[in-house]
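Okay, structure first, notes after.
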Amino acid sequence: MFELLKDLWGFMKQRKKFWLAPILIIMLLLGGLIVLTQGSAVAPFIYTLF
């Protein structure tokens, strides 16, 4: 996992694509939110946010 993040950072640094960083961070946060609320009682409240 860390190797993938290092590769992505190297790509963004070399190609000057720093605008990709916020997109990747938001995608990781949303993915983590989905995984953490998969089977919990909080899940119905998360769906009202979207």
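By order in the structure tokens, chains are A, B, ...; within a chain, residues start at 1; ligands start at 1, following the order shown.
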
Can you pull out the residues contacting region 1-8 of chain A? Cut-off 10 Å, using only C-alpha atoms, and skip same-chain residues under 5 positions away; I want them as a list in words. Lys13, Gln14, Leu20, Ala21 and Leu24 of chain A

For Ile34 (chain A), work out the shell of residues within 9 Å, counting only C-alpha atoms and skipping chain neighbours fewer than 4 positions away, then give it as JSON, numbers by chain. {"A": [29, 30, 38, 43, 46]}

Mind the document's chain letters and residue numbers, and return as number ranges by chain the residues of chain A that DSSP labels helix (DSSP H, G or I). A: 2-15, 20-36, 43-49

Could you jot down the CA of Val35 (chain A) to CA of Ile23 (chain A) separation for me, Å, one decimal place?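 Computing it gives 18.4 Å between the two atoms.
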
Between CA of Ile25 (chain A) and CA of Met12 (chain A), what is the distance, to one decimal in Å? 13.3 Å

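CA of Trp19 (chain A) to CA of Gly32 (chain A) spans 21.1 Å [interatomic distance, one decimal].
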